[in-house]
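Below you'll find the structure, written out as structure tokens, and then a few comments.
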Amino acid sequence: MSGRMRWWAEVKFGMFIHWGLYSILAGVWRGRCVPGVGEWIMRNARIPVREYEKLARRFNPVKFDAEEWARLAREAGMRYVVFTAKHHDGFCMYDSEYTDYTVVKATPFGRDVLGELADACRGEGLRFGAYYSQTLDWHHPDGMGNDWDYDPGRKDFARYFKEYAMPQVEEILTKYRPVAVMWFDIGTPTPELAREMVGLVRRVSPDTIISGRIGHGLGDYAEMGDNEIPRGRVEGYWEVPVTLNDTWGFKSYDHNWKSPGRVIQMLVDVVSKGGNMLLNVGPTAEGVIPEPSAEVLRAVGGWLERCGESVYGTAPGPLDAPLDAPYRCTAKPGRVYVHVLAWPWDGELRVFGARGRVEVSRAYLLEGERELEFRWDGDDLVVAVPDRAPDPTDSVVVLECEW
Ligand code: FHN
């Protein structure tokens, strides 16, 4: 295992934060609800740069409290945070010397949001990472993606990349060090440019992990598609970014929150297949993480507090659950954790195809350590379980075993 990946492979669960000027619009432009994710509103409504820029004068998130956000992440059982330093709209949520289009210089708020958050996260024992949109920049005349203000034929993307994006990434890495992850997105148009960016990150901050969306296979881990959990186990390091509702940036009318149970089951599913889950929150323009998100996160944290041993520092282990099985498995040396996501009505938990893969010496419920009888039936291990699920979302049965 490469040294810089060690912590990342252990922690499993992180917080993604999408926050920027788009949170002011919250999905509405000129009285019209704009379909699509909130942070894409500039592009989806074709808002001219000169109009969109004016939002900066209205950005005054008086309720922003970096420590509260970091505490929430910790209480949720998350172990790292990735924050949008610059998203596709080009607005910098940190103090950049390469543009005035920043939260520090262009808003009445005038505070270095990223800096405050980085400090707060570290104070809570969390690793801090920065998201940086290296390819799409709808504000910069040479950035990619804005064809409503700028003529794509006249853009010099390589100039933008080398003279703006790379220096900004260098400044983030040095000014806010240590940056645990540089979370690039979308991919980079050419392998040459991607390689230059990777070289820069390695030179300036060798321990920083580079997300797979730098492209061309050059990242430290693979990034799955948004909300795309693979069907089965995937070898190597990987992560899936997940929304709590149907947007990354705040939308005032998106109330389609996932339940805590759903989030826990998704997390366990991801971890059982060898990945990390980066769960998003989209704070409001006032600087508040919407209460429904916070409630879900606290409930997930409560479960992790009790059952975290079956998640953190685990690996997929010797048993793969069939796709439609009502359980998922994680493992540590000497133990397999069977996460029962739908409790058997007949008192028998059947672990398929376990024979020959594990030598079980003991079975018990993780919470309360209640001993459970077990027997073999053909290739399956059958564990006698109580009538009622100890936890309706995920009751963990521990198998002490050789594997
Ligand atoms: O276009 C972005 C999107 O706004 C958001 O940041 C997600 C998060 O994974 N990444 C891109 C789409 O994949």
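All residue names refer to the structure tokens as shown: chains lettered A, B, ... in order, residues numbered from 1 in each chain, ligands numbered from 1 in order.
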So that I can check the surroundings of Tyr176 of chain A, please list as a PyMOL selection string every protein, DNA and RNA residue that reaches within 12 Å of it, counting only C-alpha atoms and ignoring chain neighbours fewer than 5 positions away.
chain A and resi 85+94-96+112-119+121-122+127-130+168-171+181-182+204-205+208
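Residues with any atom within 10 Å of Arg58 of chain A, counting only C-alpha atoms and excluding same-chain neighbours fewer than 5 positions away, are Leu21, Ile24, Glu53, Ala106, Thr107, Pro108, Phe109 and Ala285 of chain A.
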Could those residues be written to a file, using all heavy atoms, as a PDB file, in the first residue's frame?
```pdb
ATOM      1  N   LEU A  21     -21.291  30.754  -4.696  1.00  0.00           N
ATOM      2  CA  LEU A  21     -22.288  31.792  -4.979  1.00  0.00           C
ATOM      3  C   LEU A  21     -23.635  31.204  -5.379  1.00  0.00           C
ATOM      4  O   LEU A  21     -24.680  31.801  -5.160  1.00  0.00           O
ATOM      5  CB  LEU A  21     -21.776  32.711  -6.095  1.00  0.00           C
ATOM      6  CG  LEU A  21     -20.516  33.515  -5.781  1.00  0.00           C
ATOM      7  CD1 LEU A  21     -20.145  34.404  -6.964  1.00  0.00           C
ATOM      8  CD2 LEU A  21     -20.715  34.362  -4.525  1.00  0.00           C
ATOM      9  N   ILE A  24     -26.757  31.179  -3.214  1.00  0.00           N
ATOM     10  CA  ILE A  24     -27.651  32.350  -3.108  1.00  0.00           C
ATOM     11  C   ILE A  24     -28.871  32.127  -4.001  1.00  0.00           C
ATOM     12  O   ILE A  24     -30.009  32.389  -3.614  1.00  0.00           O
ATOM     13  CB  ILE A  24     -26.920  33.640  -3.559  1.00  0.00           C
ATOM     14  CG1 ILE A  24     -25.724  33.908  -2.651  1.00  0.00           C
ATOM     15  CG2 ILE A  24     -27.884  34.827  -3.600  1.00  0.00           C
ATOM     16  CD1 ILE A  24     -24.848  35.074  -3.113  1.00  0.00           C
ATOM     17  N   GLU A  53     -21.457  37.444 -11.585  1.00  0.00           N
ATOM     18  CA  GLU A  53     -20.452  38.073 -10.709  1.00  0.00           C
ATOM     19  C   GLU A  53     -21.085  38.924  -9.608  1.00  0.00           C
ATOM     20  O   GLU A  53     -20.543  39.024  -8.503  1.00  0.00           O
ATOM     21  CB  GLU A  53     -19.567  39.006 -11.533  1.00  0.00           C
ATOM     22  CG  GLU A  53     -18.396  38.344 -12.198  1.00  0.00           C
ATOM     23  CD  GLU A  53     -17.611  39.350 -13.043  1.00  0.00           C
ATOM     24  OE1 GLU A  53     -18.106  40.471 -13.292  1.00  0.00           O
ATOM     25  OE2 GLU A  53     -16.503  39.007 -13.455  1.00  0.00           O
ATOM     26  N   ALA A 106     -14.129  39.876  -2.951  1.00  0.00           N
ATOM     27  CA  ALA A 106     -15.291  40.351  -3.707  1.00  0.00           C
ATOM     28  C   ALA A 106     -16.602  40.342  -2.922  1.00  0.00           C
ATOM     29  O   ALA A 106     -17.633  40.755  -3.443  1.00  0.00           O
ATOM     30  CB  ALA A 106     -15.449  39.496  -4.969  1.00  0.00           C
ATOM     31  N   THR A 107     -16.566  39.888  -1.673  1.00  0.00           N
ATOM     32  CA  THR A 107     -17.834  39.789  -0.937  1.00  0.00           C
ATOM     33  C   THR A 107     -17.796  40.661   0.320  1.00  0.00           C
ATOM     34  O   THR A 107     -16.717  40.942   0.852  1.00  0.00           O
ATOM     35  CB  THR A 107     -18.111  38.333  -0.476  1.00  0.00           C
ATOM     36  OG1 THR A 107     -17.254  38.013   0.643  1.00  0.00           O
ATOM     37  CG2 THR A 107     -17.889  37.335  -1.597  1.00  0.00           C
ATOM     38  N   PRO A 108     -18.973  41.051   0.797  1.00  0.00           N
ATOM     39  CA  PRO A 108     -18.998  41.797   2.069  1.00  0.00           C
ATOM     40  C   PRO A 108     -18.519  40.950   3.239  1.00  0.00           C
ATOM     41  O   PRO A 108     -18.075  41.477   4.251  1.00  0.00           O
ATOM     42  CB  PRO A 108     -20.480  42.169   2.238  1.00  0.00           C
ATOM     43  CG  PRO A 108     -21.243  41.338   1.278  1.00  0.00           C
ATOM     44  CD  PRO A 108     -20.304  40.899   0.195  1.00  0.00           C
ATOM     45  N   PHE A 109     -18.576  39.652   3.068  1.00  0.00           N
ATOM     46  CA  PHE A 109     -18.169  38.729   4.139  1.00  0.00           C
ATOM     47  C   PHE A 109     -16.672  38.848   4.392  1.00  0.00           C
ATOM     48  O   PHE A 109     -16.216  38.970   5.523  1.00  0.00           O
ATOM     49  CB  PHE A 109     -18.554  37.302   3.741  1.00  0.00           C
ATOM     50  CG  PHE A 109     -18.521  36.321   4.858  1.00  0.00           C
ATOM     51  CD1 PHE A 109     -19.227  36.555   6.030  1.00  0.00           C
ATOM     52  CD2 PHE A 109     -17.797  35.138   4.745  1.00  0.00           C
ATOM     53  CE1 PHE A 109     -19.214  35.632   7.066  1.00  0.00           C
ATOM     54  CE2 PHE A 109     -17.777  34.214   5.769  1.00  0.00           C
ATOM     55  CZ  PHE A 109     -18.480  34.465   6.935  1.00  0.00           C
ATOM     56  N   ALA A 285     -26.966  29.955   1.634  1.00  0.00           N
ATOM     57  CA  ALA A 285     -26.216  31.201   1.479  1.00  0.00           C
ATOM     58  C   ALA A 285     -25.939  31.868   2.827  1.00  0.00           C
ATOM     59  O   ALA A 285     -25.063  32.722   2.944  1.00  0.00           O
ATOM     60  CB  ALA A 285     -26.991  32.152   0.574  1.00  0.00           C
TER      61      ALA A 285
END
```
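The nearest approach to Tyr80 of chain A among the residues A:Met42, A:Ile229, A:Leu278, A:Val37, with only C-alpha atoms taken into account, belongs to A:Leu278.
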Counting only C-alpha atoms, what is within 9 Å of Val271 of chain A, bar same-chain residues fewer than 3 positions away, as a count of residues only?
16
Between A:Leu55, A:Leu372, A:Ala363, A:Ala120, which is the closest to Phe91 of chain A once you count only C-alpha atoms?
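Of all the options, A:Leu55 lies closest to Phe91 of chain A.
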